[in-house]
Amino acid sequence: MGVALTGMRAFTVVWAGQFLSLLGSGLTAFALGVHVYRVTGSATTLSAVFALSLLPAIVVTPLTGALVDRWGTKRSLLVSNIANMVIALVLATLLFSGTFAIWHVYPIVAASSVVAALELPAFATLGPRLVAKEQLGRVNGMRMSAIATNEVLAPVAAGFLLVAVGLRGIVVLDLITFGLALLSVAIVPIPRDIDTDGQTAGRLTGLLVSFREGWRYVAAQPGLTALLLFLGAINLSAGFIDLLITPLVLSFASADELGMALSIGGVGMVLSGIAVTVTGGPRRRVRGILIGSLAMAVATIAGATRPNVALVAAAAFVFMGALGVVLATNQALWQSKVEPRLLGRVAALLNTASQIPQLIAYLLAGVLVDRVFDPAVGGEDVRSPGLAAVIGDGPGRGAALLMMIVGALIVVSVAVAAAAPRLRGLERELPDTVPERDETGRPVVADPA
């Protein structure tokens with residue numbers, strides 16, 4: 001007989017499958033984006049594709065979060081991986097039959113967004129189902145390492161593979177990775193917490209009611225509510241930075257240099273994910289989240305002070321490294337404080353709280369730079385010598401000024417959060433809800449004696 005897949009061994013098997021799936025999806029997404037821009041030459045078309053990667057997920061997340069709790073982690077991951085394979089098969093059929101058109105990208109991206117809305121909260125519930133609560137920091141560090149490694153490898157590998165095997169070959173590789181991810185979930189036994197609230201699973205109204213219970217649970221805990229609001233503010237700022245980094249760097253450097261700076265930032269996130277995996281992350285998680293956010297703010301402000309690629313790359317390294325710690329630590333905190341039967345709904349709520357502010361930032365950032373900050377600062381040169389001493393001189397410094405303001409807003413958000421007593425006392429006042437498990441991941445049954 002083989003060794004039973006339990007505890008960290010079981011989590012690692014599923015994690016490896018999801019890592020390959022993420023890499024395959026990243027390759028296809030990057031290749032499709034390049035293909036769309038090459039064919040259309042339209043940034044507006046590319047923006048529409050980006051928007052479709054968020055909007056459907058935002059709409060369906062209340063339903064998919066409830067489904068995760070109704071179906072359980074294993075079934076949710078199986079369904080999402082099968083759906084991903086179907087989408088990849090459709091794309092492969094279109095490509096190999098020669099009938100693929102640009103408009104096909106829209107429904108494919110939208111469908112992938114809906115599937116991701118099921119897969120992400122399901123994956124977020126995996127750790128508490130398999131490992132002891134002391135290991136939650138490590139498993140979330142592994143999760144962040146997988147995401148960060150994908151961000152570093154996917155663009156580089158996709159650029160090479162587009163030349164070597166083309167878009168068709170990349171989609172075939174994506175199909176293979178989805179198959180491996182599906183196999184990893186199928187062979188691992190994953191326990192579940194049954195949600196017995198109502199008998200309306202699968203009905204739209206029942207799912208919405210079920211999701212609202214998750215919201216009411218968070219709203220009844222002032223510390224969790226304060227943390228949710230803080231995360232919304234941080235994600236709004238991160239959305240601005242995500243969009244502003246491209247025009248900021250391209251105003252004084254080449255696309256290759258932008259790619260290098262972003263890759264260095266991805267390396268920072270990989271290393272921080274490894275560090276959290278090894279150490280388990282900060283012992284005082286709220287403090288770790290606040291300090292990490294403050295480091296992100298400092299990096300944002302410093303990186304915008306001068307038009308220098310090395311400075312931006314160093315700032316990206318610190319920003320992404322701190323972001324990795326914040327995300328992994330935050331995930332572990334929620335997993336330890338939320339009742340297991342509600343984890344799917346609360347994970348979906350967290351995704352919504354991150355996606356909506358990011359979408360708002362995407363819609364506002366470009367307009368603010370083009371119509372407010374660039375005209376106010378000056379086109380090719382900064383008109384004010386005093387302002388130039390702060391943000392540097394040359395083109396694109398309107399984006400730099402807006403980025404510095406965003407960094408300052410992160411500092412304000414951290415200060416307000418640190419002053420909130422219920423957030424500071426969250427770990428002390430709210431008991432852990434993760435059941436005790438032994439080193440294999442099996443629940444520990446208390447001795448009745």
# chains A, B, ... in the order shown; residues from 1 in each chain; ligands from 1
>>> residues_around(residues="range 6-17 of chain A", least_positions_apart="4", cutoff="8 Å", atoms="only C-alpha atoms", output="compact mmCIF listing (two decimals) with C-alpha atoms, in the first residue's frame")
# COMPACT_ATOMS: atom_id res chain seq x y z
CA SER A 21 -2.36 25.26 -13.87
CA LEU A 126 -7.79 24.04 1.03
CA GLY A 127 -5.18 24.79 3.73
CA LEU A 130 -5.68 19.69 5.44
CA VAL A 131 -3.10 21.18 7.82
CA ALA A 132 -2.79 22.27 11.44
CA VAL A 139 0.84 26.93 3.13
CA MET A 142 3.59 28.41 -0.79
CA ARG A 143 0.46 29.79 -2.44
CA THR A 177 -1.38 21.62 -17.08
CA PHE A 178 -5.14 21.62 -16.43
CA LEU A 180 -2.33 17.52 -14.19
CA ALA A 181 -4.13 19.92 -11.83
CA LEU A 182 -7.32 17.88 -12.16
CA LEU A 183 -5.40 14.67 -11.39
CA SER A 184 -3.78 16.20 -8.29
CA VAL A 185 -7.19 17.13 -6.87
CA VAL A 188 -6.11 13.70 -2.67
CA PRO A 189 -8.78 13.07 0.00
CA GLU A 439 0.90 16.54 11.89
CA THR A 440 -0.86 14.45 9.22
CA GLY A 441 -3.79 16.87 9.05
CA ARG A 442 -6.30 14.63 10.79
>>> residues_around(residues="Ala122 in chain A", least_positions_apart="6", cutoff="10 Å", atoms="only C-alpha atoms", output="list of chain:residue names")
A:Thr64, A:Gly65, A:Leu67, A:Val68, A:Asp69, A:Trp71, A:Gly72, A:Thr73, A:Lys74, A:Arg75, A:Ser76, A:Leu77, A:Leu78, A:Ser80, A:Ala116, A:Leu343, A:Gly344, A:Arg345, A:Ala347, A:Ala348
>>> closest_residue(among="A:Glu134, A:Glu429, A:Asp370, A:Glu380", to="Gly223 in chain A", atoms="only C-alpha atoms")
A:Glu429
>>> residues_around(residues="range 262-274 of chain A", least_positions_apart="2", cutoff="8 Å", atoms="only C-alpha atoms", output="ChimeraX atom specification")
/A:141-146,148-149,151-152,258-260,276-278,313-325,328
>>> write_last_selection(atoms="C-alpha atoms", output="PDB file, in the first residue's frame")
ATOM      1  CA  GLY A 141       3.523  31.297   1.704  1.00  0.00           C
ATOM      2  CA  MET A 142       3.591  28.414  -0.785  1.00  0.00           C
ATOM      3  CA  ARG A 143       0.464  29.786  -2.443  1.00  0.00           C
ATOM      4  CA  MET A 144       2.003  33.259  -2.824  1.00  0.00           C
ATOM      5  CA  SER A 145       5.234  31.746  -4.157  1.00  0.00           C
ATOM      6  CA  ALA A 146       3.259  29.944  -6.857  1.00  0.00           C
ATOM      7  CA  ALA A 148       4.634  35.203  -7.848  1.00  0.00           C
ATOM      8  CA  THR A 149       6.665  32.617  -9.765  1.00  0.00           C
ATOM      9  CA  GLU A 151       4.160  36.374 -12.709  1.00  0.00           C
ATOM     10  CA  VAL A 152       7.905  36.128 -13.297  1.00  0.00           C
ATOM     11  CA  LEU A 258       9.937  47.897 -18.016  1.00  0.00           C
ATOM     12  CA  GLY A 259       9.828  44.114 -18.284  1.00  0.00           C
ATOM     13  CA  MET A 260      13.101  43.839 -16.387  1.00  0.00           C
ATOM     14  CA  VAL A 276       6.856  32.953   4.769  1.00  0.00           C
ATOM     15  CA  THR A 277       6.801  29.278   3.791  1.00  0.00           C
ATOM     16  CA  VAL A 278       9.945  28.587   5.840  1.00  0.00           C
ATOM     17  CA  ALA A 313      13.305  48.091 -10.092  1.00  0.00           C
ATOM     18  CA  ALA A 314      14.538  48.342  -6.498  1.00  0.00           C
ATOM     19  CA  ALA A 315      11.222  49.859  -5.419  1.00  0.00           C
ATOM     20  CA  ALA A 316       9.312  47.100  -7.251  1.00  0.00           C
ATOM     21  CA  PHE A 317      11.405  44.463  -5.469  1.00  0.00           C
ATOM     22  CA  VAL A 318      10.545  45.926  -2.050  1.00  0.00           C
ATOM     23  CA  PHE A 319       6.897  46.599  -2.957  1.00  0.00           C
ATOM     24  CA  MET A 320       6.207  43.110  -4.316  1.00  0.00           C
ATOM     25  CA  GLY A 321       8.167  41.445  -1.509  1.00  0.00           C
ATOM     26  CA  ALA A 322       6.133  43.310   1.113  1.00  0.00           C
ATOM     27  CA  LEU A 323       2.920  42.605  -0.808  1.00  0.00           C
ATOM     28  CA  GLY A 324       3.674  38.877  -0.731  1.00  0.00           C
ATOM     29  CA  VAL A 325       4.023  38.973   3.054  1.00  0.00           C
ATOM     30  CA  ALA A 328       0.000  35.451   2.766  1.00  0.00           C
TER      31      ALA A 328
END
>>> residues_around(residues="range 336-340 of chain A", least_positions_apart="2", cutoff="7 Å", atoms="only C-alpha atoms", output="PyMOL selection string")
chain A and resi 133+193+332-334+342-343+430-434
>>> write_last_selection(atoms="N, CA and C atoms", output="PDB file, in the first residue's frame")
ATOM      1  N   LYS A 133      -3.368  24.488  12.256  1.00  0.00           N
ATOM      2  CA  LYS A 133      -3.425  25.940  12.159  1.00  0.00           C
ATOM      3  C   LYS A 133      -2.042  26.583  12.246  1.00  0.00           C
ATOM      4  N   ASP A 193     -16.491  20.511   5.532  1.00  0.00           N
ATOM      5  CA  ASP A 193     -17.447  20.892   6.575  1.00  0.00           C
ATOM      6  C   ASP A 193     -18.777  21.120   5.895  1.00  0.00           C
ATOM      7  N   ALA A 332      -3.788  33.770   6.034  1.00  0.00           N
ATOM      8  CA  ALA A 332      -3.698  32.902   7.210  1.00  0.00           C
ATOM      9  C   ALA A 332      -4.557  33.423   8.354  1.00  0.00           C
ATOM     10  N   LEU A 333      -4.615  34.741   8.514  1.00  0.00           N
ATOM     11  CA  LEU A 333      -5.411  35.337   9.588  1.00  0.00           C
ATOM     12  C   LEU A 333      -6.892  35.036   9.408  1.00  0.00           C
ATOM     13  N   TRP A 334      -7.403  35.222   8.193  1.00  0.00           N
ATOM     14  CA  TRP A 334      -8.816  34.952   7.941  1.00  0.00           C
ATOM     15  C   TRP A 334      -9.123  33.460   8.083  1.00  0.00           C
ATOM     16  N   LEU A 342     -17.937  28.528   6.740  1.00  0.00           N
ATOM     17  CA  LEU A 342     -18.161  29.803   6.045  1.00  0.00           C
ATOM     18  C   LEU A 342     -16.954  30.248   5.226  1.00  0.00           C
ATOM     19  N   LEU A 343     -15.925  29.437   5.170  1.00  0.00           N
ATOM     20  CA  LEU A 343     -14.684  29.879   4.544  1.00  0.00           C
ATOM     21  C   LEU A 343     -14.856  30.242   3.070  1.00  0.00           C
ATOM     22  N   LEU A 430     -10.701  37.688  19.123  1.00  0.00           N
ATOM     23  CA  LEU A 430     -11.467  36.723  18.335  1.00  0.00           C
ATOM     24  C   LEU A 430     -10.764  35.373  18.373  1.00  0.00           C
ATOM     25  N   PRO A 431     -11.398  34.355  18.909  1.00  0.00           N
ATOM     26  CA  PRO A 431     -10.727  33.043  19.045  1.00  0.00           C
ATOM     27  C   PRO A 431     -10.518  32.375  17.692  1.00  0.00           C
ATOM     28  N   ASP A 432      -9.523  31.504  17.643  1.00  0.00           N
ATOM     29  CA  ASP A 432      -9.289  30.715  16.442  1.00  0.00           C
ATOM     30  C   ASP A 432     -10.430  29.710  16.277  1.00  0.00           C
ATOM     31  N   THR A 433     -10.807  29.460  15.023  1.00  0.00           N
ATOM     32  CA  THR A 433     -11.905  28.531  14.743  1.00  0.00           C
ATOM     33  C   THR A 433     -11.438  27.296  13.991  1.00  0.00           C
ATOM     34  N   VAL A 434     -10.156  27.263  13.601  1.00  0.00           N
ATOM     35  CA  VAL A 434      -9.646  26.100  12.878  1.00  0.00           C
ATOM     36  C   VAL A 434      -9.553  24.924  13.841  1.00  0.00           C
TER      37      VAL A 434
END
>>> atom_distance(atom1="CA of Leu224 in chain A", atom2="CA of Leu423 in chain A")
7.2 Å
>>> residues_around(residues="Leu22 in chain A", least_positions_apart="4", cutoff="8 Å", atoms="only C-alpha atoms", output="JSON, numbers by chain")
{"A": [18, 26, 146, 147, 150]}
>>> write_last_selection(atoms="C-alpha atoms", output="PDB file, in the first residue's frame")
ATOM      1  CA  GLN A  18      -2.507  24.327  -9.149  1.00  0.00           C
ATOM      2  CA  GLY A  26      -0.509  32.742 -17.411  1.00  0.00           C
ATOM      3  CA  ALA A 146       3.259  29.944  -6.857  1.00  0.00           C
ATOM      4  CA  ILE A 147       1.439  33.138  -7.872  1.00  0.00           C
ATOM      5  CA  ASN A 150       3.929  32.584 -12.389  1.00  0.00           C
TER       6      ASN A 150
END
>>> residues_around(residues="Leu294 in chain A", least_positions_apart="5", cutoff="12 Å", atoms="only C-alpha atoms", output="list in words")
Ile234, Arg287, Gly288, Ile289, Ala299, Thr300, Ile301, Val318, Phe319, Ala322, Leu323, Val325, Val326, Gly407, Ala408, Leu409, Ile410, Val411, Val412, Ser413, Val414, Ala415, Ala417 and Ala418 of chain A
>>> select_by_dssp(residues="range 224-424 of chain A", states="alpha helix (DSSP H)", output="PyMOL selection string")
chain A and resi 224-250+255-279+285-303+309-337+343-368+374-377+385-391+397-418+421-424
>>> write_last_selection(atoms="C-alpha atoms", output="compact mmCIF listing (two decimals), in the first residue's frame")
# COMPACT_ATOMS: atom_id res chain seq x y z
CA LEU A 224 -12.75 41.62 10.81
CA THR A 225 -14.86 44.46 9.39
CA ALA A 226 -12.06 46.95 10.06
CA LEU A 227 -9.55 44.61 8.41
CA LEU A 228 -11.83 44.21 5.37
CA LEU A 229 -12.10 48.00 4.97
CA PHE A 230 -8.34 48.38 5.32
CA LEU A 231 -7.75 45.74 2.65
CA GLY A 232 -10.16 47.57 0.34
CA ALA A 233 -8.11 50.77 0.73
CA ILE A 234 -4.85 48.90 0.08
CA ASN A 235 -6.26 47.20 -3.02
CA LEU A 236 -7.51 50.54 -4.37
CA SER A 237 -3.97 51.92 -4.02
CA ALA A 238 -2.44 48.76 -5.51
CA GLY A 239 -4.77 49.06 -8.51
CA PHE A 240 -3.50 52.59 -9.18
CA ILE A 241 0.11 51.43 -8.89
CA ASP A 242 -0.52 48.41 -11.12
CA LEU A 243 -1.75 50.65 -13.94
CA LEU A 244 0.58 53.63 -13.37
CA ILE A 245 3.84 51.66 -13.44
CA THR A 246 3.63 51.15 -17.23
CA PRO A 247 3.23 54.81 -18.35
CA LEU A 248 5.63 55.91 -15.62
CA VAL A 249 8.52 53.73 -16.84
CA LEU A 250 7.77 53.96 -20.56
CA ALA A 255 9.57 48.20 -22.95
CA ASP A 256 12.44 45.78 -22.28
CA GLU A 257 13.53 47.84 -19.28
CA LEU A 258 9.94 47.90 -18.02
CA GLY A 259 9.83 44.11 -18.28
CA MET A 260 13.10 43.84 -16.39
CA ALA A 261 11.83 46.06 -13.56
CA LEU A 262 8.59 44.07 -13.29
CA SER A 263 10.50 40.78 -13.29
CA ILE A 264 12.71 42.02 -10.46
CA GLY A 265 9.55 42.90 -8.55
CA GLY A 266 8.26 39.38 -9.16
CA VAL A 267 11.50 37.96 -7.77
CA GLY A 268 10.90 39.97 -4.59
CA MET A 269 7.48 38.36 -4.24
CA VAL A 270 8.89 34.88 -4.86
CA LEU A 271 11.54 35.36 -2.16
CA SER A 272 9.03 36.71 0.35
CA GLY A 273 6.73 33.76 -0.35
CA ILE A 274 9.61 31.38 0.31
CA ALA A 275 10.45 33.24 3.52
CA VAL A 276 6.86 32.95 4.77
CA THR A 277 6.80 29.28 3.79
CA VAL A 278 9.94 28.59 5.84
CA THR A 279 9.14 30.75 8.89
CA ARG A 285 -0.33 38.87 11.97
CA VAL A 286 -2.16 42.19 12.17
CA ARG A 287 1.11 43.95 12.97
CA GLY A 288 2.78 42.10 10.08
CA ILE A 289 0.06 43.26 7.67
CA LEU A 290 0.41 46.90 8.78
CA ILE A 291 4.22 46.91 8.66
CA GLY A 292 4.20 45.23 5.25
CA SER A 293 1.72 47.82 3.96
CA LEU A 294 3.91 50.62 5.27
CA ALA A 295 6.89 49.13 3.41
CA MET A 296 4.77 49.11 0.24
CA ALA A 297 4.01 52.81 0.74
CA VAL A 298 7.67 53.73 1.22
CA ALA A 299 8.66 51.78 -1.90
CA THR A 300 5.89 53.46 -3.93
CA ILE A 301 6.97 56.96 -2.94
CA ALA A 302 10.70 56.27 -3.36
CA GLY A 303 10.27 54.66 -6.78
CA VAL A 309 15.00 52.30 -14.07
CA ALA A 310 17.29 50.96 -11.33
CA LEU A 311 15.37 52.95 -8.72
CA VAL A 312 12.01 51.69 -10.02
CA ALA A 313 13.31 48.09 -10.09
CA ALA A 314 14.54 48.34 -6.50
CA ALA A 315 11.22 49.86 -5.42
CA ALA A 316 9.31 47.10 -7.25
CA PHE A 317 11.40 44.46 -5.47
CA VAL A 318 10.55 45.93 -2.05
CA PHE A 319 6.90 46.60 -2.96
CA MET A 320 6.21 43.11 -4.32
CA GLY A 321 8.17 41.45 -1.51
CA ALA A 322 6.13 43.31 1.11
CA LEU A 323 2.92 42.61 -0.81
CA GLY A 324 3.67 38.88 -0.73
CA VAL A 325 4.02 38.97 3.05
CA VAL A 326 0.82 41.02 3.43
CA LEU A 327 -1.25 38.70 1.23
CA ALA A 328 0.00 35.45 2.77
CA THR A 329 -0.32 36.76 6.34
CA ASN A 330 -3.79 38.15 5.69
CA GLN A 331 -4.94 34.85 4.19
CA ALA A 332 -3.70 32.90 7.21
CA LEU A 333 -5.41 35.34 9.59
CA TRP A 334 -8.82 34.95 7.94
CA GLN A 335 -8.45 31.19 7.69
CA SER A 336 -7.77 30.93 11.42
CA LYS A 337 -10.58 33.27 12.54
CA LEU A 343 -14.68 29.88 4.54
CA GLY A 344 -15.82 29.76 0.91
CA ARG A 345 -18.26 32.65 1.30
CA VAL A 346 -15.80 34.77 3.25
CA ALA A 347 -13.01 34.02 0.74
CA ALA A 348 -15.36 35.18 -2.02
CA LEU A 349 -16.14 38.31 -0.02
CA LEU A 350 -12.42 39.02 0.27
CA ASN A 351 -12.00 38.59 -3.49
CA THR A 352 -14.83 41.04 -4.09
CA ALA A 353 -13.30 43.52 -1.65
CA SER A 354 -10.07 43.38 -3.66
CA GLN A 355 -11.48 43.30 -7.20
CA ILE A 356 -13.97 46.19 -6.98
CA PRO A 357 -11.38 48.73 -5.70
CA GLN A 358 -8.91 47.52 -8.34
CA LEU A 359 -11.50 47.98 -11.08
CA ILE A 360 -12.26 51.51 -9.83
CA ALA A 361 -8.54 52.29 -9.84
CA TYR A 362 -8.15 50.97 -13.40
CA LEU A 363 -10.99 53.21 -14.57
CA LEU A 364 -9.69 56.34 -12.81
CA ALA A 365 -5.90 56.17 -13.05
CA GLY A 366 -5.50 56.72 -16.79
CA VAL A 367 -8.00 59.57 -16.88
CA LEU A 368 -6.39 61.29 -13.89
CA ASP A 374 0.20 65.56 -16.71
CA PRO A 375 -1.33 68.93 -17.71
CA ALA A 376 -0.86 70.28 -14.18
CA VAL A 377 2.80 69.21 -13.95
CA PRO A 385 11.39 73.94 -9.93
CA GLY A 386 10.19 73.08 -6.42
CA LEU A 387 8.04 70.22 -7.70
CA ALA A 388 10.86 69.02 -9.96
CA ALA A 389 13.07 68.74 -6.88
CA VAL A 390 10.54 66.27 -5.44
CA ILE A 391 9.45 64.19 -8.46
CA ARG A 397 6.13 63.00 -14.15
CA GLY A 398 2.38 63.50 -13.77
CA ALA A 399 2.13 59.73 -13.27
CA ALA A 400 4.98 59.96 -10.78
CA LEU A 401 3.19 62.63 -8.76
CA LEU A 402 -0.03 60.60 -8.69
CA MET A 403 1.92 57.52 -7.61
CA MET A 404 3.53 59.45 -4.75
CA ILE A 405 0.08 60.62 -3.63
CA VAL A 406 -1.14 57.02 -3.70
CA GLY A 407 1.84 56.01 -1.55
CA ALA A 408 0.95 58.75 0.92
CA LEU A 409 -2.64 57.48 1.04
CA ILE A 410 -1.34 54.01 1.97
CA VAL A 411 0.53 55.63 4.88
CA VAL A 412 -2.70 57.34 5.99
CA SER A 413 -4.60 54.04 5.71
CA VAL A 414 -2.00 52.28 7.88
CA ALA A 415 -2.16 55.07 10.48
CA VAL A 416 -5.97 54.91 10.66
CA ALA A 417 -5.90 51.10 10.89
CA ALA A 418 -3.23 51.15 13.61
CA PRO A 421 -8.53 49.32 18.80
CA ARG A 422 -10.71 46.47 17.51
CA LEU A 423 -8.32 45.81 14.65
CA ARG A 424 -5.27 45.96 16.91
>>> atom_distance(atom1="CA of Ile187 in chain A", atom2="CA of Gly169 in chain A")
27.7 Å
>>> residues_around(residues="Gly394 in chain A", least_positions_apart="4", cutoff="9 Å", atoms="only C-alpha atoms", output="list in words")
Ser251, Phe252, Pro307, Gly378, Gly379, Glu380, Asp381, Val382 and Ala388 of chain A
>>> atom_distance(atom1="CA of Leu136 in chain A", atom2="CA of Ala124 in chain A")
10.7 Å
>>> closest_residue(among="A:Ser112, A:Leu52, A:Ala92, A:His104", to="Val171 in chain A", atoms="only C-alpha atoms")
A:Ala92
